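J.: Sharing a structure below in structure tokens format, with a few things to ask.
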Amino acid sequence: MNESESYRILITGATGFVGSHLAREFAQGGHDVHILVREQSSDWRMRYLVGRIAAHRCDLLDLPALTNVVEKVRPDFIFHCANAGVYGGVAASDERLLAVNVAGLIHLFAAVRQIPYKGAAPAINDLLG
């Protein structure tokens with residue numbers, strides 16, 4: 001990324017630890033930040049960014065909705081931080097791990113396939129749970 005340019009950024013998993021920090025840094029850097037937020041997500045980490053970022057209610061497992069958001073936003077860069085893993089010592093079920101970490105990633109790739117984005121960065125450690 002060229003530091004002198006402003007980019008449109010899409011972040012999945014932005015209500016989590018890594019994603020929320022990315023959103024803050026990009027917003028402070030003057031970028032047009034868009035985040036995906038599931039209906040059941042807690043947004044307490046994002047409250048200080050209200051009015052500085054655009055939040056889109058969307059689940060990675062809903063391919064038509066995801067495609068619609070991606071086509072509207074047309075991001076230059078995508079940061080994929082969404083995952084199912086271990087939180088508070090409790091692991092997600094095997095089904096949830098596969099759905100979010102595998103099918104969610106496949107849906108994201110399918111949704112961005114038709115747009116000319118400049119780059120994408122998956123949070124590899126998070127994807128593996």
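Just so we're on the same page: first chain in the structure tokens is A, next is B, and so on; residues restart at 1 for each chain, and ligands are numbered from 1 in the order they show up.
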Which residues are near Glu71 of chain A? Cut-off 8 Å, only C-alpha atoms, ignore same chain within fewer than 2 positions. Put them as a list in words.
T.: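 Everything that qualifies: Thr67, Asn68, Val69, Val73, Arg74, Ala111, Val112 and Ile115 of chain A.
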J.: Apply DSSP to the backbone of this structure and, from segment 12-125 of chain A, keep only the residues in strand (DSSP E or B); write these as a list in words.
T.: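 Matching residues for strand (DSSP E or B) in segment 12-125 of chain A are Thr12, Asp32, Val33, His34, Ile35, Leu36, Val37, Val50, Ile53, Ala54, Ala55, His56, Arg57, Phe77, Ile78, Phe79, His80, Val86, Tyr87, Val90, Ala91, Gly119, Ala120, Ala121 and Pro122 of chain A.
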J.: Store the residues picked out above in a file with N, CA, C and O atoms, as a compact mmCIF listing (two decimals), in the first residue's frame.
T.:
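What landed in out10.txt:
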```txt
# COMPACT_ATOMS: atom_id res chain seq x y z
N THR A 12 -13.18 -8.17 7.50
CA THR A 12 -14.07 -9.14 8.13
C THR A 12 -13.53 -9.39 9.53
O THR A 12 -12.34 -9.23 9.78
N ASP A 32 -10.99 4.83 3.72
CA ASP A 32 -12.43 4.58 3.72
C ASP A 32 -12.64 3.14 4.20
O ASP A 32 -12.47 2.20 3.43
N VAL A 33 -12.96 2.96 5.48
CA VAL A 33 -13.01 1.65 6.10
C VAL A 33 -14.44 1.11 6.16
O VAL A 33 -15.35 1.79 6.63
N HIS A 34 -14.60 -0.12 5.68
CA HIS A 34 -15.88 -0.83 5.72
C HIS A 34 -15.65 -2.13 6.47
O HIS A 34 -14.65 -2.81 6.25
N ILE A 35 -16.59 -2.45 7.34
CA ILE A 35 -16.47 -3.70 8.10
C ILE A 35 -17.73 -4.54 7.92
O ILE A 35 -18.82 -4.00 7.70
N LEU A 36 -17.56 -5.85 8.00
CA LEU A 36 -18.69 -6.77 8.02
C LEU A 36 -18.98 -7.11 9.47
O LEU A 36 -18.06 -7.42 10.23
N VAL A 37 -20.25 -7.04 9.85
CA VAL A 37 -20.66 -7.31 11.22
C VAL A 37 -21.83 -8.29 11.19
O VAL A 37 -22.85 -8.01 10.55
N VAL A 50 -17.63 4.87 15.53
CA VAL A 50 -18.92 5.23 14.94
C VAL A 50 -18.79 6.56 14.21
O VAL A 50 -18.23 7.52 14.75
N ILE A 53 -16.27 4.86 10.26
CA ILE A 53 -16.24 3.66 9.43
C ILE A 53 -17.67 3.32 9.00
O ILE A 53 -18.62 3.81 9.59
N ALA A 54 -17.79 2.48 7.99
CA ALA A 54 -19.11 2.02 7.54
C ALA A 54 -19.26 0.56 7.93
O ALA A 54 -18.43 -0.28 7.57
N ALA A 55 -20.30 0.26 8.69
CA ALA A 55 -20.56 -1.12 9.12
C ALA A 55 -21.67 -1.70 8.25
O ALA A 55 -22.69 -1.06 7.99
N HIS A 56 -21.46 -2.94 7.80
CA HIS A 56 -22.43 -3.65 6.96
C HIS A 56 -22.84 -4.92 7.69
O HIS A 56 -21.99 -5.77 7.97
N ARG A 57 -24.13 -5.06 7.99
CA ARG A 57 -24.63 -6.29 8.63
C ARG A 57 -24.62 -7.39 7.59
O ARG A 57 -25.34 -7.34 6.61
N PHE A 77 -8.58 -3.13 -0.85
CA PHE A 77 -7.89 -4.15 -0.06
C PHE A 77 -8.88 -4.82 0.88
O PHE A 77 -9.77 -4.18 1.42
N ILE A 78 -8.69 -6.12 1.08
CA ILE A 78 -9.55 -6.93 1.95
C ILE A 78 -8.67 -7.57 3.02
O ILE A 78 -7.64 -8.18 2.71
N PHE A 79 -9.09 -7.41 4.26
CA PHE A 79 -8.40 -8.04 5.39
C PHE A 79 -9.38 -9.00 6.04
O PHE A 79 -10.38 -8.58 6.61
N HIS A 80 -9.10 -10.28 5.92
CA HIS A 80 -10.00 -11.32 6.41
C HIS A 80 -9.55 -11.78 7.79
O HIS A 80 -8.61 -12.55 7.93
N VAL A 86 -11.30 -20.56 19.57
CA VAL A 86 -11.43 -20.75 21.02
C VAL A 86 -11.55 -19.38 21.67
O VAL A 86 -10.70 -18.51 21.49
N TYR A 87 -12.62 -19.18 22.40
CA TYR A 87 -12.86 -17.91 23.09
C TYR A 87 -13.22 -18.20 24.53
O TYR A 87 -14.13 -18.97 24.80
N VAL A 90 -13.38 -21.86 25.54
CA VAL A 90 -14.40 -22.72 24.95
C VAL A 90 -14.22 -22.74 23.43
O VAL A 90 -14.23 -21.68 22.79
N ALA A 91 -14.05 -23.93 22.88
CA ALA A 91 -13.85 -24.07 21.44
C ALA A 91 -15.19 -24.15 20.71
O ALA A 91 -16.16 -24.70 21.23
N GLY A 119 -5.44 -6.16 -3.30
CA GLY A 119 -4.81 -7.15 -2.46
C GLY A 119 -5.73 -7.64 -1.36
O GLY A 119 -6.72 -6.99 -1.03
N ALA A 120 -5.39 -8.80 -0.82
CA ALA A 120 -6.15 -9.40 0.28
C ALA A 120 -5.16 -10.02 1.24
O ALA A 120 -4.10 -10.52 0.84
N ALA A 121 -5.51 -9.98 2.53
CA ALA A 121 -4.63 -10.54 3.55
C ALA A 121 -5.47 -11.34 4.54
O ALA A 121 -6.22 -10.77 5.32
N PRO A 122 -5.36 -12.67 4.48
CA PRO A 122 -6.07 -13.48 5.49
C PRO A 122 -5.26 -13.56 6.77
O PRO A 122 -4.03 -13.53 6.75
```
J.: How far is it from atom CA of Arg8 of chain A to atom CA of Lys118 of chain A, in Å with one decimal?
T.: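 Taking atom CA of Arg8 of chain A as the start and atom CA of Lys118 of chain A as the end point, the length is 10.2 Å.
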J.: What parts of chain A does DSSP call helix (DSSP H, G or I)? I'd like the answer as a ChimeraX atom specification.
T.: /A:17-28,44-49,63-73,94-112,124-127
J.: If you count only C-alpha atoms, which residues fall within 12 Å of Ala82 of chain A, apart from same-chain ones fewer than 2 positions away, as a PyMOL selection string?
T.: chain A and resi 10-20+35-38+41+58-61+78-80+84-85+97+99-105+108+121-129
